[in-house]
Structures are given as structure tokens and as C-alpha cells.
$ cat final.cif   # mmCIF, C-alpha atoms
data_query
loop_
_atom_site.label_atom_id
_atom_site.label_comp_id
_atom_site.auth_asym_id
_atom_site.auth_seq_id
_atom_site.Cartn_x
_atom_site.Cartn_y
_atom_site.Cartn_z
CA MET A 1 62.36 -7.30 -15.86
CA ASN A 2 60.81 -7.52 -12.41
CA GLY A 3 59.30 -4.70 -10.40
CA PRO A 4 59.28 -1.00 -11.17
CA PHE A 5 61.54 0.11 -13.97
CA ARG A 6 62.43 3.44 -15.55
CA VAL A 7 61.66 4.36 -19.13
CA LEU A 8 62.93 7.39 -21.01
CA PHE A 9 61.20 8.26 -24.28
CA LEU A 10 63.49 10.19 -26.61
CA CYS A 11 62.46 12.17 -29.68
CA SER A 12 63.78 15.11 -31.70
CA GLY A 13 61.98 17.97 -29.97
CA ASN A 14 60.08 16.35 -27.08
CA SER A 15 56.89 18.05 -28.26
CA CYS A 16 54.61 15.32 -29.56
CA ARG A 17 55.48 11.61 -29.92
CA SER A 18 57.60 11.30 -26.78
CA GLN A 19 55.04 13.33 -24.83
CA MET A 20 52.24 11.00 -25.97
CA ALA A 21 54.31 7.94 -25.01
CA GLU A 22 55.09 9.41 -21.59
CA GLY A 23 51.40 10.13 -21.00
CA PHE A 24 50.29 6.64 -22.01
CA LEU A 25 52.96 4.85 -19.96
CA ARG A 26 52.24 7.02 -16.93
CA GLN A 27 48.55 6.05 -17.18
CA MET A 28 48.92 2.41 -18.25
CA GLY A 29 51.89 1.64 -16.00
CA ALA A 30 49.90 2.64 -12.89
CA GLY A 31 52.86 2.91 -10.53
CA ARG A 32 54.73 -0.10 -11.91
CA VAL A 33 57.04 2.17 -13.90
CA GLU A 34 58.72 5.53 -13.69
CA VAL A 35 58.68 7.50 -16.93
CA LYS A 36 60.26 10.60 -18.42
CA SER A 37 60.56 12.01 -21.89
CA ALA A 38 63.16 14.25 -23.47
CA GLY A 39 64.33 15.53 -26.80
CA ILE A 40 67.58 16.11 -28.57
CA GLU A 41 66.18 19.66 -28.39
CA ALA A 42 63.17 21.03 -26.46
CA HIS A 43 60.48 22.54 -28.70
CA GLY A 44 57.60 22.91 -26.22
CA LEU A 45 54.38 20.90 -26.11
CA ASP A 46 52.48 20.49 -29.37
CA PRO A 47 48.90 21.78 -28.85
CA ARG A 48 47.42 19.23 -31.23
CA ALA A 49 49.14 16.38 -29.31
CA ILE A 50 47.56 17.70 -26.11
CA THR A 51 44.14 17.72 -27.81
CA VAL A 52 44.27 14.21 -29.30
CA MET A 53 45.53 12.75 -26.04
CA ALA A 54 42.69 14.42 -24.13
CA GLU A 55 40.28 12.71 -26.55
CA VAL A 56 41.34 9.36 -25.07
CA GLY A 57 41.41 10.56 -21.46
CA VAL A 58 45.16 11.20 -21.08
CA ASP A 59 46.15 14.64 -19.84
CA ILE A 60 49.67 15.65 -20.92
CA LEU A 61 49.16 19.38 -20.39
CA GLU A 62 51.34 19.48 -17.26
CA GLN A 63 54.24 17.55 -18.83
CA GLU A 64 57.31 19.57 -19.74
CA SER A 65 59.31 19.62 -22.93
CA THR A 66 62.87 18.95 -21.81
CA ARG A 67 66.25 18.48 -23.40
CA LEU A 68 68.13 15.21 -22.90
CA THR A 69 70.77 15.15 -20.16
CA ASN A 70 73.38 12.58 -19.15
CA ASP A 71 71.58 12.22 -15.80
CA MET A 72 68.44 11.07 -17.64
CA LEU A 73 70.43 8.42 -19.51
CA GLU A 74 71.97 7.19 -16.24
CA TRP A 75 68.50 7.09 -14.64
CA ALA A 76 66.82 4.99 -17.36
CA ASP A 77 66.57 1.21 -17.53
CA ILE A 78 65.08 1.46 -21.02
CA VAL A 79 65.50 4.25 -23.58
CA VAL A 80 62.92 4.26 -26.37
CA THR A 81 63.76 6.38 -29.40
CA LEU A 82 60.70 7.43 -31.38
CA CYS A 83 62.26 8.79 -34.57
CA SER A 84 65.33 8.21 -36.68
CA HIS A 85 66.86 11.57 -35.68
CA ALA A 86 66.74 10.68 -31.99
CA ASP A 87 67.95 7.14 -32.74
CA GLU A 88 70.94 8.44 -34.71
CA HIS A 89 71.81 11.15 -32.16
CA CYS A 90 71.24 9.15 -28.99
CA PRO A 91 74.45 9.19 -26.94
CA VAL A 92 76.12 5.97 -25.89
CA LEU A 93 74.02 4.36 -23.17
CA PRO A 94 75.24 2.82 -19.93
CA PRO A 95 75.85 -0.95 -20.34
CA ARG A 96 72.80 -1.92 -18.25
CA THR A 97 70.41 0.27 -20.29
CA ARG A 98 68.30 -1.35 -22.98
CA LYS A 99 67.52 0.64 -26.12
CA ILE A 100 64.39 0.18 -28.22
CA HIS A 101 63.59 2.04 -31.43
CA TRP A 102 60.05 2.84 -32.59
CA PRO A 103 60.30 4.51 -36.04
CA LEU A 104 57.20 6.70 -35.86
CA ALA A 105 56.13 9.31 -38.40
CA ASP A 106 56.26 12.92 -37.21
CA PRO A 107 52.66 14.18 -37.22
CA GLY A 108 53.96 17.73 -36.76
CA LYS A 109 55.28 17.65 -40.32
CA THR A 110 51.92 16.65 -41.78
CA THR A 111 50.30 18.89 -44.36
CA GLY A 112 46.70 19.03 -45.50
CA THR A 113 43.40 20.16 -44.13
CA ASP A 114 42.85 20.50 -40.40
CA GLU A 115 40.87 17.23 -40.44
CA GLU A 116 43.61 15.38 -42.37
CA ILE A 117 46.32 16.60 -40.00
CA THR A 118 44.28 15.68 -36.93
CA ALA A 119 43.66 12.21 -38.39
CA ILE A 120 47.44 11.66 -38.67
CA TYR A 121 47.94 12.77 -35.07
CA ARG A 122 45.26 10.30 -33.98
CA ALA A 123 46.85 7.48 -35.99
CA VAL A 124 50.27 8.13 -34.43
CA ARG A 125 48.65 8.40 -30.99
CA ASP A 126 46.94 5.03 -31.45
CA GLU A 127 50.15 3.40 -32.66
CA ILE A 128 52.00 4.75 -29.61
CA ARG A 129 49.28 3.41 -27.29
CA MET A 130 49.66 -0.05 -28.85
CA LEU A 131 53.48 0.05 -28.56
CA VAL A 132 53.35 1.21 -24.94
CA GLY A 133 50.98 -1.67 -24.13
CA LYS A 134 53.39 -4.11 -25.78
CA LEU A 135 56.33 -2.62 -23.84
CA LEU A 136 54.45 -3.12 -20.58
CA ARG A 137 53.51 -6.71 -21.41
CA GLU A 138 57.10 -7.56 -22.32
CA SER A 139 58.87 -5.67 -19.52
CA VAL A 140 56.71 -5.72 -16.41
CA SER A 141 55.69 -8.66 -14.31
CA PRO A 142 51.97 -8.72 -13.48
CA PRO A 143 51.18 -7.12 -10.12
CA VAL A 144 50.99 -9.60 -7.24
#

$ encode --input "final.cif" --output "C-alpha cells"
Amino acid sequence: MNGPFRVLFLCSGNSCRSQMAEGFLRQMGAGRVEVKSAGIEAHGLDPRAITVMAEVGVDILEQESTRLTNDMLEWADIVVTLCSHADEHCPVLPPRTRKIHWPLADPGKTTGTDEEITAIYRAVRDEIRMLVGKLLRESVSPPV
């Protein structure tokens, strides 16, 4: 794909994984992409996701938790589902829209000590950063 393209990250509640992905792509895409995230439902931003993203210099505090609309699907060139629930409930996409699925664990469902839970959030965050980098390498031409 040449030039700017539009990516929509889709998750169950648009509170954590899709928010992290939006933050990373916004930072790493540096104007070469347009990015949004949404959920099958909107659960609000996960405070721990905000914290672990800030640890790596990505501020997602101003992003909004939004519910998926048909307009968002029409807008997107690529829809990335980040969990099986979103993948299974994703509406039919326009013919030109590419769909990618990243089956990521939900850190919000983690149990354990505060340190153990935070470690899972960091692991998911780091996996998302790697996947976003791969998406950029595969989908965007280098800047001229």
C-alpha cells in the first residue's frame, strides 16, 4: 500500500489493547497513517494501560473509548481485530478493506499480585508494539 492509509483497531471494549495499538501506531506512523480504535462496546480507558504506555513514552490519556460504527468501517483501509470476540463479532467489511487478526490475551482479565498483573500488561504492550511495527513495515512505503 502506498501513501497514507487508515487503520482501525477493534477490540471488545476499546479500553486496553486497541487503545495501546492506536497509541503506538499514532507515534510510530508519524503522519504516514491515520488511526482510530473502537470496541464492540465502549468500556472507558483502562488506567493500567495508560500507565504502562506512559512508561514507554506513549500518552494515550486523551484517546477516547468509542463504540464501533458503520462509518468507521467505511473509513478504514485496514481493520485489525485484537481479540477473538471482536474477530467473531466484526461486521462484514467493505470489499476494499483488509482485515488482520491479532489474537492477544486480555490483560484486564489477569489475576494475581499487582506486580504480576502489571507484568502481563507490559508483555501485551510489548507484543502490540512489535505487531504495529510489523504492520508499518508491511503496509507503508518508506517516506521519500

$ residues_near_point --input "final.cif" --point "(52.1, 4.4, -18.8)" --cutoff "12 Å" --atoms "only C-alpha atoms" --output "MDAnalysis selection string"
chainID A and resid 4:9 18:37 58:60 128:137 140

$ closest_residue --input "final.cif" --among "A:Ile50, A:Ala119, A:Val56, A:Leu45" --to "Ser15 in chain A" --atoms "only C-alpha atoms"
A:Leu45

$ resolve_selection --input "final.cif" --expression "the PyMOL selection byres ((chain A and resi 77) around 10)" --output "list in words"
Met1, Pro4, Phe5, Arg6, Val7, Leu8, Glu34, Leu73, Glu74, Trp75, Ala76, Ile78, Val79, Leu93, Pro94, Pro95, Arg96, Thr97, Arg98 and Lys99 of chain A

$ resolve_selection --input "final.cif" --expression "the PyMOL selection byres ((chain A and resi 125) around 8)" --output "ChimeraX atom specification"
/A:17,20,52-53,121-124,126-129

$ resolve_selection --input "final.cif" --expression "the PyMOL selection byres ((chain A and resi 87) around 10)" --output "list in words"
Leu10, Cys11, Ser12, Ile40, Val79, Val80, Thr81, Leu82, Cys83, Ser84, His85, Ala86, Glu88, His89, Cys90, Pro91, Lys99, Ile100, His101, Trp102 and Pro103 of chain A

$ closest_residue --input "final.cif" --among "A:Ala105, A:Ile117, A:Leu68, A:Cys16" --to "Gly39 in chain A" --atoms "only C-alpha atoms"
A:Leu68

$ atom_distance --input "final.cif" --atom1 "CA of Ile120 in chain A" --atom2 "CA of Pro107 in chain A"
6.0 Å

$ closest_residue --input "final.cif" --among "A:Met72, A:Glu64, A:Arg48, A:Val92" --to "Thr110 in chain A" --atoms "all atoms listed in the file"
A:Arg48

$ atom_distance --input "final.cif" --atom1 "CA of Arg67 in chain A" --atom2 "CA of Thr111 in chain A"
26.3 Å

$ atom_distance --input "final.cif" --atom1 "CA of Asn70 in chain A" --atom2 "CA of Glu41 in chain A"
13.7 Å

$ closest_residue --input "final.cif" --among "A:Glu55, A:Glu138, A:Asp114, A:Asp106" --to "Asn14 in chain A" --atoms "all atoms listed in the file"
A:Asp106

$ closest_residue --input "final.cif" --among "A:His43, A:Ser139, A:Thr51, A:Leu61" --to "Thr118 in chain A" --atoms "only C-alpha atoms"
A:Thr51

$ build_atoms --input "final.cif" --residues "range 60-92 of chain A" --atoms "N, CA and C atoms" --output "PDB file, in the coordinates of the input"
ATOM      1  N   ILE A  60      48.219  15.417 -20.871  1.00  0.00           N
ATOM      2  CA  ILE A  60      49.670  15.650 -20.920  1.00  0.00           C
ATOM      3  C   ILE A  60      49.992  17.139 -20.762  1.00  0.00           C
ATOM      4  N   LEU A  61      48.996  17.928 -20.460  1.00  0.00           N
ATOM      5  CA  LEU A  61      49.160  19.380 -20.390  1.00  0.00           C
ATOM      6  C   LEU A  61      50.225  19.815 -19.390  1.00  0.00           C
ATOM      7  N   GLU A  62      50.381  19.093 -18.288  1.00  0.00           N
ATOM      8  CA  GLU A  62      51.340  19.480 -17.260  1.00  0.00           C
ATOM      9  C   GLU A  62      52.742  18.910 -17.501  1.00  0.00           C
ATOM     10  N   GLN A  63      52.909  18.075 -18.518  1.00  0.00           N
ATOM     11  CA  GLN A  63      54.240  17.550 -18.830  1.00  0.00           C
ATOM     12  C   GLN A  63      55.091  18.676 -19.410  1.00  0.00           C
ATOM     13  N   GLU A  64      56.398  18.545 -19.251  1.00  0.00           N
ATOM     14  CA  GLU A  64      57.310  19.570 -19.740  1.00  0.00           C
ATOM     15  C   GLU A  64      58.139  19.054 -20.901  1.00  0.00           C
ATOM     16  N   SER A  65      58.406  19.932 -21.837  1.00  0.00           N
ATOM     17  CA  SER A  65      59.310  19.620 -22.930  1.00  0.00           C
ATOM     18  C   SER A  65      60.730  19.887 -22.435  1.00  0.00           C
ATOM     19  N   THR A  66      61.532  18.831 -22.359  1.00  0.00           N
ATOM     20  CA  THR A  66      62.870  18.950 -21.810  1.00  0.00           C
ATOM     21  C   THR A  66      63.921  18.427 -22.778  1.00  0.00           C
ATOM     22  N   ARG A  67      65.120  18.905 -22.584  1.00  0.00           N
ATOM     23  CA  ARG A  67      66.250  18.480 -23.400  1.00  0.00           C
ATOM     24  C   ARG A  67      66.977  17.346 -22.679  1.00  0.00           C
ATOM     25  N   LEU A  68      67.432  16.370 -23.437  1.00  0.00           N
ATOM     26  CA  LEU A  68      68.130  15.210 -22.900  1.00  0.00           C
ATOM     27  C   LEU A  68      69.377  15.612 -22.121  1.00  0.00           C
ATOM     28  N   THR A  69      69.562  14.946 -20.968  1.00  0.00           N
ATOM     29  CA  THR A  69      70.770  15.150 -20.160  1.00  0.00           C
ATOM     30  C   THR A  69      71.423  13.792 -19.894  1.00  0.00           C
ATOM     31  N   ASN A  70      72.688  13.817 -19.516  1.00  0.00           N
ATOM     32  CA  ASN A  70      73.380  12.580 -19.150  1.00  0.00           C
ATOM     33  C   ASN A  70      72.748  11.938 -17.920  1.00  0.00           C
ATOM     34  N   ASP A  71      72.246  12.763 -16.993  1.00  0.00           N
ATOM     35  CA  ASP A  71      71.580  12.220 -15.800  1.00  0.00           C
ATOM     36  C   ASP A  71      70.358  11.387 -16.179  1.00  0.00           C
ATOM     37  N   MET A  72      69.611  11.834 -17.181  1.00  0.00           N
ATOM     38  CA  MET A  72      68.440  11.070 -17.640  1.00  0.00           C
ATOM     39  C   MET A  72      68.862   9.711 -18.187  1.00  0.00           C
ATOM     40  N   LEU A  73      69.951   9.689 -18.941  1.00  0.00           N
ATOM     41  CA  LEU A  73      70.430   8.420 -19.510  1.00  0.00           C
ATOM     42  C   LEU A  73      70.886   7.481 -18.400  1.00  0.00           C
ATOM     43  N   GLU A  74      71.540   8.010 -17.378  1.00  0.00           N
ATOM     44  CA  GLU A  74      71.970   7.190 -16.240  1.00  0.00           C
ATOM     45  C   GLU A  74      70.775   6.659 -15.459  1.00  0.00           C
ATOM     46  N   TRP A  75      69.708   7.439 -15.387  1.00  0.00           N
ATOM     47  CA  TRP A  75      68.500   7.090 -14.640  1.00  0.00           C
ATOM     48  C   TRP A  75      67.735   5.937 -15.292  1.00  0.00           C
ATOM     49  N   ALA A  76      67.720   5.894 -16.614  1.00  0.00           N
ATOM     50  CA  ALA A  76      66.820   4.990 -17.360  1.00  0.00           C
ATOM     51  C   ALA A  76      67.300   3.541 -17.382  1.00  0.00           C
ATOM     52  N   ASP A  77      66.329   2.627 -17.267  1.00  0.00           N
ATOM     53  CA  ASP A  77      66.570   1.210 -17.530  1.00  0.00           C
ATOM     54  C   ASP A  77      66.367   0.914 -19.010  1.00  0.00           C
ATOM     55  N   ILE A  78      65.409   1.624 -19.606  1.00  0.00           N
ATOM     56  CA  ILE A  78      65.080   1.460 -21.020  1.00  0.00           C
ATOM     57  C   ILE A  78      64.994   2.851 -21.638  1.00  0.00           C
ATOM     58  N   VAL A  79      65.640   3.031 -22.788  1.00  0.00           N
ATOM     59  CA  VAL A  79      65.500   4.250 -23.580  1.00  0.00           C
ATOM     60  C   VAL A  79      64.795   3.851 -24.866  1.00  0.00           C
ATOM     61  N   VAL A  80      63.679   4.524 -25.141  1.00  0.00           N
ATOM     62  CA  VAL A  80      62.920   4.260 -26.370  1.00  0.00           C
ATOM     63  C   VAL A  80      63.054   5.482 -27.263  1.00  0.00           C
ATOM     64  N   THR A  81      63.686   5.295 -28.427  1.00  0.00           N
ATOM     65  CA  THR A  81      63.760   6.380 -29.400  1.00  0.00           C
ATOM     66  C   THR A  81      62.543   6.267 -30.314  1.00  0.00           C
ATOM     67  N   LEU A  82      61.948   7.437 -30.639  1.00  0.00           N
ATOM     68  CA  LEU A  82      60.700   7.430 -31.380  1.00  0.00           C
ATOM     69  C   LEU A  82      60.823   8.006 -32.789  1.00  0.00           C
ATOM     70  N   CYS A  83      62.037   8.295 -33.215  1.00  0.00           N
ATOM     71  CA  CYS A  83      62.260   8.790 -34.570  1.00  0.00           C
ATOM     72  C   CYS A  83      63.703   8.513 -34.947  1.00  0.00           C
ATOM     73  N   SER A  84      63.982   8.529 -36.236  1.00  0.00           N
ATOM     74  CA  SER A  84      65.330   8.210 -36.680  1.00  0.00           C
ATOM     75  C   SER A  84      66.344   9.254 -36.212  1.00  0.00           C
ATOM     76  N   HIS A  85      65.941  10.524 -36.146  1.00  0.00           N
ATOM     77  CA  HIS A  85      66.860  11.570 -35.680  1.00  0.00           C
ATOM     78  C   HIS A  85      67.314  11.297 -34.250  1.00  0.00           C
ATOM     79  N   ALA A  86      66.388  10.976 -33.381  1.00  0.00           N
ATOM     80  CA  ALA A  86      66.740  10.680 -31.990  1.00  0.00           C
ATOM     81  C   ALA A  86      67.561   9.386 -31.911  1.00  0.00           C
ATOM     82  N   ASP A  87      67.216   8.405 -32.726  1.00  0.00           N
ATOM     83  CA  ASP A  87      67.950   7.140 -32.740  1.00  0.00           C
ATOM     84  C   ASP A  87      69.403   7.372 -33.158  1.00  0.00           C
ATOM     85  N   GLU A  88      69.594   8.175 -34.188  1.00  0.00           N
ATOM     86  CA  GLU A  88      70.940   8.440 -34.710  1.00  0.00           C
ATOM     87  C   GLU A  88      71.753   9.325 -33.772  1.00  0.00           C
ATOM     88  N   HIS A  89      71.096  10.215 -33.018  1.00  0.00           N
ATOM     89  CA  HIS A  89      71.810  11.150 -32.160  1.00  0.00           C
ATOM     90  C   HIS A  89      71.790  10.774 -30.679  1.00  0.00           C
ATOM     91  N   CYS A  90      71.265   9.613 -30.376  1.00  0.00           N
ATOM     92  CA  CYS A  90      71.240   9.150 -28.990  1.00  0.00           C
ATOM     93  C   CYS A  90      72.681   8.868 -28.547  1.00  0.00           C
ATOM     94  N   PRO A  91      73.094   9.456 -27.428  1.00  0.00           N
ATOM     95  CA  PRO A  91      74.450   9.190 -26.940  1.00  0.00           C
ATOM     96  C   PRO A  91      74.614   7.720 -26.555  1.00  0.00           C
ATOM     97  N   VAL A  92      75.836   7.319 -26.337  1.00  0.00           N
ATOM     98  CA  VAL A  92      76.120   5.970 -25.890  1.00  0.00           C
ATOM     99  C   VAL A  92      75.457   5.767 -24.527  1.00  0.00           C
TER     100      VAL A  92
END
